[in-house]
>>> print(open('run38.cif').read())   # mmCIF, C-alpha atoms
data_start
#
loop_
_atom_site.label_atom_id
_atom_site.label_comp_id
_atom_site.auth_asym_id
_atom_site.auth_seq_id
_atom_site.Cartn_x
_atom_site.Cartn_y
_atom_site.Cartn_z
CA MET L 1408 37.53 25.90 -75.53
CA ASP L 1409 35.45 28.25 -73.37
CA PRO L 1410 31.77 28.57 -74.54
CA ASN L 1411 32.13 32.34 -74.34
CA GLY L 1412 34.97 32.20 -76.76
CA GLY L 1413 37.70 32.52 -74.15
CA SER L 1414 40.26 30.06 -73.02
CA SER L 1415 40.78 29.10 -69.35
CA SER L 1416 44.41 28.44 -70.02
CA ALA L 1417 44.72 31.88 -71.52
CA GLY L 1418 43.18 33.46 -68.38
CA ALA L 1419 45.62 31.58 -66.16
CA ALA L 1420 48.44 32.67 -68.39
CA ASP L 1421 47.30 36.31 -68.08
CA GLY L 1422 47.22 35.99 -64.28
CA ALA L 1423 50.62 34.44 -64.21
CA SER L 1424 51.97 37.15 -66.46
CA ASP L 1425 50.58 39.91 -64.18
CA PRO L 1426 53.61 40.99 -62.08
CA ALA L 1427 51.45 42.91 -59.56
CA ALA L 1428 49.37 39.82 -58.76
CA ALA L 1429 52.51 37.74 -58.35
CA ARG L 1430 53.99 40.30 -55.96
CA ARG L 1431 50.79 40.28 -53.88
CA ARG L 1432 50.88 36.50 -53.57
CA HIS L 1433 54.54 36.40 -52.45
CA SER L 1434 54.57 39.59 -50.37
CA LYS L 1435 55.67 39.48 -46.69
CA LYS L 1436 53.64 42.54 -45.88
CA PRO L 1437 51.42 41.81 -42.82
CA LYS L 1438 47.70 41.89 -43.06
CA TYR L 1439 46.12 45.25 -42.43
CA SER L 1440 45.38 45.88 -38.76
CA ARG L 1441 44.48 49.04 -36.89
CA PHE L 1442 46.93 47.95 -34.21
CA THR L 1443 49.92 47.54 -36.55
CA GLN L 1444 49.07 50.77 -38.34
CA GLN L 1445 48.77 52.62 -35.00
CA GLU L 1446 45.20 53.72 -35.70
CA LEU L 1447 43.70 52.67 -32.36
CA PRO L 1448 42.15 55.37 -30.15
CA ALA L 1449 44.84 56.99 -27.94
CA CYS L 1450 44.99 59.56 -25.19
CA LYS L 1451 46.80 62.62 -26.44
CA PRO L 1452 46.63 65.18 -23.64
CA ILE L 1453 47.21 68.78 -24.53
CA LEU L 1454 49.67 70.35 -22.08
CA THR L 1455 47.83 73.55 -21.35
CA PRO L 1456 49.34 76.05 -18.88
CA GLY L 1457 46.75 75.06 -16.28
CA TRP L 1458 47.70 71.38 -16.44
CA VAL L 1459 51.46 72.07 -16.28
CA ILE L 1460 51.21 74.51 -13.36
CA SER L 1461 48.83 72.22 -11.44
CA SER L 1462 51.14 69.23 -11.91
CA PHE L 1463 54.16 71.10 -10.55
CA ILE L 1464 52.15 72.35 -7.56
CA PHE L 1465 50.92 68.81 -6.85
CA VAL L 1466 54.46 67.40 -6.91
CA GLY L 1467 55.69 70.15 -4.57
CA ILE L 1468 52.83 69.65 -2.11
CA ILE L 1469 53.52 65.89 -1.96
CA PHE L 1470 57.33 65.90 -1.95
CA ILE L 1471 58.04 68.63 0.61
CA PRO L 1472 56.10 67.02 3.51
CA ILE L 1473 57.72 63.64 2.75
CA GLY L 1474 61.14 65.29 2.82
CA LEU L 1475 60.43 67.05 6.10
CA ALA L 1476 59.18 63.80 7.67
CA SER L 1477 62.31 61.97 6.48
CA LEU L 1478 64.61 64.67 7.88
CA PHE L 1479 62.75 64.66 11.18
CA ALA L 1480 63.07 60.87 11.43
CA SER L 1481 66.78 61.05 10.60
CA GLU L 1482 67.36 63.68 13.28
CA ARG L 1483 65.77 61.41 15.89
CA VAL L 1484 68.41 58.75 15.22
CA VAL L 1485 71.18 58.84 17.84
CA GLU L 1486 74.56 57.83 16.47
CA ILE L 1487 77.98 57.52 18.06
CA VAL L 1488 80.96 57.20 15.71
CA HIS L 1489 84.43 56.64 17.14
CA ARG L 1490 87.63 56.05 15.15
CA TYR L 1491 90.02 53.90 17.15
CA ASP L 1492 92.69 52.53 14.81
CA LYS L 1493 95.19 55.25 15.78
CA ASP L 1494 94.14 55.88 19.38
CA CYS L 1495 94.48 52.17 20.21
CA VAL L 1496 98.15 52.05 19.18
CA PRO L 1497 100.66 52.64 22.02
CA ALA L 1498 102.73 55.81 21.77
CA SER L 1499 105.92 53.82 21.28
CA TYR L 1500 104.50 52.31 18.06
CA ARG L 1501 102.93 55.44 16.57
CA ASN L 1502 105.71 55.70 13.97
CA ASP L 1503 105.48 52.02 13.05
CA MET L 1504 101.89 50.90 13.49
CA LEU L 1505 102.36 48.00 11.06
CA ALA L 1506 104.97 46.44 13.35
CA TYR L 1507 102.54 46.80 16.27
CA ILE L 1508 99.67 45.00 14.55
CA GLN L 1509 101.88 42.22 13.13
CA SER L 1510 103.66 41.45 16.37
CA ASN L 1511 102.41 38.58 18.55
CA GLU L 1512 103.90 40.17 21.66
CA THR L 1513 102.09 43.52 21.69
CA ASN L 1514 98.96 44.02 23.78
CA LYS L 1515 96.02 44.57 21.43
CA THR L 1516 93.48 45.42 24.16
CA CYS L 1517 92.26 49.01 24.15
CA THR L 1518 89.70 50.69 26.41
CA ARG L 1519 87.71 53.71 25.26
CA THR L 1520 85.17 55.69 27.29
CA PHE L 1521 82.60 58.25 26.14
CA LEU L 1522 79.26 59.71 27.20
CA VAL L 1523 75.97 58.81 25.57
CA PRO L 1524 74.72 62.15 24.12
CA LYS L 1525 70.99 61.29 24.11
CA GLN L 1526 68.84 58.42 25.21
CA MET L 1527 69.37 55.45 22.89
CA LYS L 1528 66.35 53.15 22.91
CA SER L 1529 66.91 49.47 22.29
CA PRO L 1530 67.89 47.84 20.13
CA VAL L 1531 71.14 49.76 19.76
CA TYR L 1532 72.93 48.46 16.66
CA ILE L 1533 76.70 47.99 16.72
CA TYR L 1534 78.59 48.39 13.43
CA TYR L 1535 82.23 48.34 12.44
CA GLN L 1536 83.16 50.73 9.65
CA LEU L 1537 86.13 50.26 7.35
CA ASP L 1538 87.49 52.97 5.06
CA ASN L 1539 89.70 52.43 2.01
CA PHE L 1540 88.90 48.70 1.95
CA TYR L 1541 87.99 47.59 -1.57
CA GLN L 1542 85.73 44.58 -1.17
CA ASN L 1543 84.54 45.31 -4.71
CA HIS L 1544 87.90 44.41 -6.28
CA ARG L 1545 87.38 41.92 -9.10
CA ARG L 1546 89.84 39.26 -7.89
CA TYR L 1547 88.64 39.60 -4.31
CA VAL L 1548 84.94 39.22 -5.21
CA LYS L 1549 85.61 36.13 -7.36
CA SER L 1550 87.73 34.39 -4.71
CA ARG L 1551 85.00 32.23 -3.15
CA SER L 1552 83.08 29.02 -3.84
CA ASP L 1553 79.33 29.29 -3.42
CA LYS L 1554 78.89 25.56 -4.07
CA GLN L 1555 81.29 24.72 -1.25
CA LEU L 1556 79.54 27.11 1.15
CA ARG L 1557 76.16 25.55 0.33
CA SER L 1558 76.81 21.82 0.48
CA ARG L 1559 79.24 19.42 2.12
CA ALA L 1560 79.22 17.34 -1.06
CA SER L 1561 81.07 20.18 -2.83
CA GLU L 1562 83.76 20.51 -0.17
CA ASN L 1563 86.56 20.05 -2.72
CA ASP L 1564 85.15 22.61 -5.18
CA THR L 1565 87.89 25.22 -4.64
CA SER L 1566 88.86 26.04 -8.23
CA SER L 1567 87.70 29.67 -7.91
CA CYS L 1568 89.33 30.30 -4.51
CA ASP L 1569 92.94 30.90 -5.52
CA PRO L 1570 95.21 31.65 -3.66
CA GLU L 1571 93.37 30.42 -0.50
CA ASP L 1572 92.06 27.19 -2.02
CA VAL L 1573 94.07 24.31 -0.55
CA THR L 1574 96.67 23.74 2.15
CA ALA L 1575 100.28 22.75 1.56
CA ASN L 1576 99.29 19.05 1.57
CA LYS L 1577 96.50 19.72 -0.97
CA SER L 1578 93.60 19.47 1.49
CA ALA L 1579 90.62 21.73 0.76
CA ILE L 1580 90.16 24.87 2.86
CA VAL L 1581 86.59 25.37 4.08
CA PRO L 1582 85.50 28.13 3.61
CA CYS L 1583 87.99 28.91 0.87
CA GLY L 1584 88.86 32.17 -0.85
CA LEU L 1585 90.16 35.61 0.02
CA ILE L 1586 86.82 36.95 1.29
CA ALA L 1587 86.55 34.39 4.09
CA TRP L 1588 90.31 34.50 4.75
CA SER L 1589 90.17 38.27 5.43
CA LEU L 1590 87.29 37.97 7.94
CA PHE L 1591 87.15 40.94 10.34
CA ASN L 1592 88.46 39.95 13.78
CA ASP L 1593 88.26 43.00 16.05
CA THR L 1594 86.02 42.39 19.06
CA TYR L 1595 84.08 44.75 21.33
CA GLY L 1596 82.90 44.45 24.93
CA PHE L 1597 80.56 47.03 26.43
CA SER L 1598 79.71 48.23 29.92
CA VAL L 1599 77.70 51.21 31.11
CA ASN L 1600 78.29 52.69 34.55
CA ASN L 1601 80.41 49.61 35.39
CA THR L 1602 77.59 47.21 34.42
CA LEU L 1603 78.42 44.72 31.65
CA LEU L 1604 76.18 44.76 28.58
CA GLY L 1605 75.47 41.69 26.50
CA VAL L 1606 75.94 41.80 22.73
CA SER L 1607 73.31 39.82 20.83
CA LYS L 1608 74.18 38.22 17.49
CA LYS L 1609 70.58 37.17 16.82
CA ASN L 1610 69.21 38.07 13.36
CA ILE L 1611 72.24 40.16 12.30
CA ALA L 1612 72.59 38.13 9.09
CA TRP L 1613 70.08 37.82 6.26
CA LYS L 1614 67.74 34.88 6.86
CA SER L 1615 67.91 33.95 3.16
CA ASP L 1616 71.71 33.69 3.40
CA GLN L 1617 71.54 31.42 6.44
CA GLN L 1618 68.90 29.15 4.95
CA HIS L 1619 70.02 28.91 1.33
CA LYS L 1620 73.61 30.13 0.80
CA PHE L 1621 75.39 28.59 3.78
CA GLY L 1622 74.88 24.91 4.51
CA SER L 1623 73.95 23.48 7.88
CA ASP L 1624 76.15 20.44 7.11
CA VAL L 1625 79.26 22.45 6.15
CA TYR L 1626 81.87 22.91 8.89
CA PRO L 1627 85.12 24.94 8.82
CA LYS L 1628 88.12 22.83 7.88
CA ASN L 1629 91.80 23.78 7.54
CA PHE L 1630 90.74 27.41 7.92
CA GLN L 1631 93.48 29.97 8.80
CA SER L 1632 95.97 27.10 9.12
CA GLY L 1633 98.60 28.50 6.76
CA GLY L 1634 101.62 30.63 7.51
CA LEU L 1635 99.84 33.93 6.81
CA ILE L 1636 96.71 34.59 8.88
CA GLY L 1637 94.29 36.99 7.25
CA GLY L 1638 91.66 37.57 9.92
CA ALA L 1639 89.38 35.81 12.38
CA LYS L 1640 89.35 32.07 12.98
CA LEU L 1641 86.18 29.99 12.99
CA ASN L 1642 84.90 27.35 15.40
CA SER L 1643 85.16 24.05 13.54
CA SER L 1644 82.26 22.56 15.54
CA ILE L 1645 79.72 25.16 14.37
CA PRO L 1646 78.21 24.88 10.84
CA LEU L 1647 78.61 27.78 8.45
CA SER L 1648 74.87 28.51 8.57
CA GLN L 1649 75.35 29.53 12.22
CA GLN L 1650 78.56 31.52 11.70
CA VAL L 1651 76.71 34.85 11.47
CA ASP L 1652 79.83 37.05 11.55
CA LEU L 1653 81.16 35.20 8.51
CA ILE L 1654 77.81 35.45 6.71
CA VAL L 1655 77.68 39.22 7.27
CA TRP L 1656 81.26 39.62 6.05
CA MET L 1657 80.76 37.47 2.94
CA ARG L 1658 78.08 39.84 1.61
CA THR L 1659 80.65 42.11 -0.02
CA ALA L 1660 80.29 45.90 -0.04
CA ALA L 1661 80.01 47.94 -3.24
CA LEU L 1662 82.00 50.94 -1.99
CA PRO L 1663 85.42 51.25 -0.30
CA THR L 1664 83.82 52.79 2.81
CA PHE L 1665 81.24 50.51 4.38
CA ARG L 1666 79.62 49.42 7.63
CA LYS L 1667 78.77 45.89 8.67
CA LEU L 1668 76.59 44.81 11.55
CA TYR L 1669 78.50 43.39 14.53
CA GLY L 1670 75.65 42.88 16.98
CA LYS L 1671 72.91 44.53 19.05
CA ILE L 1672 72.60 45.91 22.57
CA GLU L 1673 69.08 45.07 23.69
CA VAL L 1674 68.77 47.52 26.59
CA ASP L 1675 68.24 51.29 26.57
CA LEU L 1676 71.26 53.55 27.04
CA GLU L 1677 70.33 56.61 29.06
CA ALA L 1678 71.56 60.11 28.23
CA ASN L 1679 74.87 61.17 29.82
CA SER L 1680 75.63 57.63 30.98
CA GLU L 1681 79.27 56.55 30.74
CA LEU L 1682 79.81 53.89 28.10
CA THR L 1683 83.06 51.91 28.27
CA VAL L 1684 84.22 49.82 25.31
CA VAL L 1685 86.98 47.23 25.53
CA ILE L 1686 88.37 46.74 22.03
CA GLU L 1687 90.58 43.94 20.78
CA ASN L 1688 92.44 45.78 18.03
CA ASN L 1689 93.48 42.81 15.88
CA TYR L 1690 92.53 43.66 12.30
CA ASN L 1691 95.31 44.91 10.08
CA THR L 1692 94.22 48.03 8.20
CA TYR L 1693 97.60 49.71 8.65
CA SER L 1694 99.28 47.98 5.71
CA PHE L 1695 96.94 49.65 3.18
CA GLY L 1696 96.13 52.94 4.91
CA GLY L 1697 92.65 51.92 6.03
CA LYS L 1698 90.61 53.28 8.92
CA LYS L 1699 88.52 51.51 11.55
CA LYS L 1700 85.53 53.02 13.31
CA LEU L 1701 83.08 51.77 15.89
CA VAL L 1702 79.50 52.91 15.30
CA LEU L 1703 76.56 52.67 17.70
CA SER L 1704 73.22 53.72 16.27
CA THR L 1705 69.49 53.58 16.83
CA THR L 1706 67.04 53.38 13.93
CA SER L 1707 63.83 55.03 12.76
CA TRP L 1708 61.16 54.11 10.21
CA ILE L 1709 63.55 55.05 7.39
CA GLY L 1710 66.49 53.11 8.85
CA GLY L 1711 69.68 54.67 10.16
CA LYS L 1712 70.85 58.27 10.14
CA ASN L 1713 70.76 59.55 6.57
CA ASP L 1714 69.76 63.09 5.61
CA PHE L 1715 70.11 62.54 1.85
CA LEU L 1716 66.60 61.20 1.26
CA GLY L 1717 64.92 64.11 3.07
CA ILE L 1718 67.09 66.72 1.36
CA ALA L 1719 66.40 65.16 -2.05
CA TYR L 1720 62.61 65.23 -1.55
CA ILE L 1721 62.66 68.82 -0.27
CA THR L 1722 64.90 69.94 -3.16
CA LEU L 1723 62.68 68.37 -5.83
CA GLY L 1724 59.51 69.66 -4.16
CA GLY L 1725 60.92 73.17 -3.84
CA LEU L 1726 62.09 73.15 -7.46
CA SER L 1727 58.63 72.05 -8.60
CA LEU L 1728 56.96 74.88 -6.66
CA PHE L 1729 59.48 77.37 -8.05
CA LEU L 1730 58.71 76.27 -11.62
CA ALA L 1731 54.97 76.41 -10.93
CA ILE L 1732 55.21 80.00 -9.65
CA SER L 1733 57.48 80.98 -12.56
CA PHE L 1734 55.11 79.55 -15.18
CA LEU L 1735 52.14 81.18 -13.45
CA LEU L 1736 53.78 84.62 -13.53
CA ILE L 1737 54.74 84.18 -17.19
CA TYR L 1738 51.18 83.12 -18.03
CA ILE L 1739 49.72 86.16 -16.21
CA ILE L 1740 52.21 88.72 -17.53
CA LYS L 1741 52.50 87.41 -21.06
CA PRO L 1742 49.69 84.95 -21.88
CA ARG L 1743 49.70 82.89 -25.05
#
>>> encode(input="run38.cif", output="C-alpha cells")
Amino acid sequence: MDPNGGSSSAGAADGASDPAAARRRHSKKPKYSRFTQQELPACKPILTPGWVISSFIFVGIIFIPIGLASLFASERVVEIVHRYDKDCVPASYRNDMLAYIQSNETNKTCTRTFLVPKQMKSPVYIYYQLDNFYQNHRRYVKSRSDKQLRSRASENDTSSCDPEDVTANKSAIVPCGLIAWSLFNDTYGFSVNNTLLGVSKKNIAWKSDQQHKFGSDVYPKNFQSGGLIGGAKLNSSIPLSQQVDLIVWMRTAALPTFRKLYGKIEVDLEANSELTVVIENNYNTYSFGGKKKLVLSTTSWIGGKNDFLGIAYITLGGLSLFLAISFLLIYIIKPR
C-alpha cells in the first residue's frame, strides 16, 4: 500500500488504460524539428516591378553580345561542302548507279576541282558527311562487342555481333558486328595548284577511346573475309588502338545525317587557289538512297560553322529586352 493512501499498481493501471499515452509511446511521428516543420529562416523575395524589369534588362544585355560574338565567330569559319555521290558516277551508269558501285570492273576514281573561296588557315579539317544513314538503329547499335575490342583475351566474345560474328568455319571475326563491317571506305587525295597535300590522321579520334576502349593487343582477324563485303578492310598488322578511322566510325551518330572526321590538312589554303580532290568512290549509299558529301572546314573558338547558338542567344536577349520595355510601359501608364 502507498503511504498516501494510493496504490502504485493502480497508478500503473491508470497509465496503461490511458489510450492517449499509449498512442504517444507507439507513435511513428518524428520528433519536432524546425527543419522538418519548414520553420527555418528562408529568403522570400518579393517580385516588385523594379526587380522584374531589371532582371529582364540584365539578361538582354548579357545574351545579345554573346550571340553577336558567336555569329561573328561562325561567319569567320570557311567551309566547302561538295556532294559527289552522283557526279562521280559515269553517265552510262546514271540510270543504274547500284550496278556501278557493286561491279568490280568499273573505275571508282573520280577527280573534282574547285576554288578555295577564302583563305583557310591550318588546320583544315576534312569530314565525310552521310545523309539518310541510320547509325542509331537499334540492331545496328547493338551489333558490336566492347569486350572483344578492349582485350585479346575476349577475342571469342561475339555473342552480340550477329550476323557478323563468326566465319563459315566458326572462327571469330575481329572486330565483329555490323558497325565495324560497314566501315566507310571512300578515300580522298588532295593537291593545290598541282602540289600534293598530305592528310594527317593524328588526333582525329578521341584519346579516351584509343587508350581505354580499343586494345593495343587486339589485331584484326577474319575481317571482311566473307562473301559480302560491307566497307573498308583493316591492316591485320596494326592493333585496333591505332586504327583511327575505325575508332571514329565506331562512335555511332545519333542522327541520320552526320559528319565524321577523315583527317586534317596542316597547311594554309590561300584564297582563289585551285584545289583538286581525287576521290575513290567505293562506299555503297545507292542501295538505300543515301548521299555522300566531302566537307573541308576551318574552326573558331566555338567550333565549326553553326549559326544556331548565336541566333538563339540573340533571340532570347531580344525577347528579354522586349518584355522589359513592355513591363516598363505598363508600369508607367497603369501603375499598381
>>> resolve_selection(input="run38.cif", expression="the PyMOL selection byres ((chain L and resi 1690) around 7)", output="number ranges by chain")
L: 1591-1593, 1638, 1688-1689, 1691-1692
>>> residues_around(input="run38.cif", residues="L:Asp1616", least_positions_apart="6", cutoff="10 Å", atoms="all atoms listed in the file", output="PDB file with C-alpha atoms, keeping the file's coordinate frame")
ATOM      1  CA  ARG L1557      76.160  25.550   0.330  1.00  0.00           C
ATOM      2  CA  GLY L1622      74.880  24.910   4.510  1.00  0.00           C
ATOM      3  CA  SER L1648      74.870  28.510   8.570  1.00  0.00           C
ATOM      4  CA  VAL L1651      76.710  34.850  11.470  1.00  0.00           C
ATOM      5  CA  ILE L1654      77.810  35.450   6.710  1.00  0.00           C
ATOM      6  CA  VAL L1655      77.680  39.220   7.270  1.00  0.00           C
ATOM      7  CA  MET L1657      80.760  37.470   2.940  1.00  0.00           C
ATOM      8  CA  ARG L1658      78.080  39.840   1.610  1.00  0.00           C
TER       9      ARG L1658
END
>>> atom_distance(input="run38.cif", atom1="atom CA of L:Gln1542", atom2="atom CA of L:Leu1556")
18.7 Å
>>> resolve_selection(input="run38.cif", expression="the PyMOL selection byres ((chain L and resi 1590) around 7)", output="VMD selection string")
chain L and resid 1586 to 1589 1591 to 1592 1638 to 1639 1653 1656
>>> write_last_selection(input="run38.cif", atoms="C-alpha atoms", output="CSV table (one decimal), in the coordinates of the input")
chain,number,residue,atom,x,y,z
L,1586,ILE,CA,86.8,37.0,1.3
L,1587,ALA,CA,86.6,34.4,4.1
L,1588,TRP,CA,90.3,34.5,4.8
L,1589,SER,CA,90.2,38.3,5.4
L,1591,PHE,CA,87.2,40.9,10.3
L,1592,ASN,CA,88.5,40.0,13.8
L,1638,GLY,CA,91.7,37.6,9.9
L,1639,ALA,CA,89.4,35.8,12.4
L,1653,LEU,CA,81.2,35.2,8.5
L,1656,TRP,CA,81.3,39.6,6.0
>>> resolve_selection(input="run38.cif", expression="the PyMOL selection byres ((chain L and resi 1717-1730) around 12)", output="PyMOL selection string")
chain L and resi 1456+1459-1482+1709+1712-1716+1731-1737
>>> write_last_selection(input="run38.cif", atoms="C-alpha atoms", output="PDB file, keeping the file's coordinate frame")
ATOM      1  CA  PRO L1456      49.340  76.050 -18.880  1.00  0.00           C
ATOM      2  CA  VAL L1459      51.460  72.070 -16.280  1.00  0.00           C
ATOM      3  CA  ILE L1460      51.210  74.510 -13.360  1.00  0.00           C
ATOM      4  CA  SER L1461      48.830  72.220 -11.440  1.00  0.00           C
ATOM      5  CA  SER L1462      51.140  69.230 -11.910  1.00  0.00           C
ATOM      6  CA  PHE L1463      54.160  71.100 -10.550  1.00  0.00           C
ATOM      7  CA  ILE L1464      52.150  72.350  -7.560  1.00  0.00           C
ATOM      8  CA  PHE L1465      50.920  68.810  -6.850  1.00  0.00           C
ATOM      9  CA  VAL L1466      54.460  67.400  -6.910  1.00  0.00           C
ATOM     10  CA  GLY L1467      55.690  70.150  -4.570  1.00  0.00           C
ATOM     11  CA  ILE L1468      52.830  69.650  -2.110  1.00  0.00           C
ATOM     12  CA  ILE L1469      53.520  65.890  -1.960  1.00  0.00           C
ATOM     13  CA  PHE L1470      57.330  65.900  -1.950  1.00  0.00           C
ATOM     14  CA  ILE L1471      58.040  68.630   0.610  1.00  0.00           C
ATOM     15  CA  PRO L1472      56.100  67.020   3.510  1.00  0.00           C
ATOM     16  CA  ILE L1473      57.720  63.640   2.750  1.00  0.00           C
ATOM     17  CA  GLY L1474      61.140  65.290   2.820  1.00  0.00           C
ATOM     18  CA  LEU L1475      60.430  67.050   6.100  1.00  0.00           C
ATOM     19  CA  ALA L1476      59.180  63.800   7.670  1.00  0.00           C
ATOM     20  CA  SER L1477      62.310  61.970   6.480  1.00  0.00           C
ATOM     21  CA  LEU L1478      64.610  64.670   7.880  1.00  0.00           C
ATOM     22  CA  PHE L1479      62.750  64.660  11.180  1.00  0.00           C
ATOM     23  CA  ALA L1480      63.070  60.870  11.430  1.00  0.00           C
ATOM     24  CA  SER L1481      66.780  61.050  10.600  1.00  0.00           C
ATOM     25  CA  GLU L1482      67.360  63.680  13.280  1.00  0.00           C
ATOM     26  CA  ILE L1709      63.550  55.050   7.390  1.00  0.00           C
ATOM     27  CA  LYS L1712      70.850  58.270  10.140  1.00  0.00           C
ATOM     28  CA  ASN L1713      70.760  59.550   6.570  1.00  0.00           C
ATOM     29  CA  ASP L1714      69.760  63.090   5.610  1.00  0.00           C
ATOM     30  CA  PHE L1715      70.110  62.540   1.850  1.00  0.00           C
ATOM     31  CA  LEU L1716      66.600  61.200   1.260  1.00  0.00           C
ATOM     32  CA  ALA L1731      54.970  76.410 -10.930  1.00  0.00           C
ATOM     33  CA  ILE L1732      55.210  80.000  -9.650  1.00  0.00           C
ATOM     34  CA  SER L1733      57.480  80.980 -12.560  1.00  0.00           C
ATOM     35  CA  PHE L1734      55.110  79.550 -15.180  1.00  0.00           C
ATOM     36  CA  LEU L1735      52.140  81.180 -13.450  1.00  0.00           C
ATOM     37  CA  LEU L1736      53.780  84.620 -13.530  1.00  0.00           C
ATOM     38  CA  ILE L1737      54.740  84.180 -17.190  1.00  0.00           C
TER      39      ILE L1737
END
>>> atom_distance(input="run38.cif", atom1="atom CA of L:Leu1604", atom2="atom CA of L:Pro1530")
12.2 Å
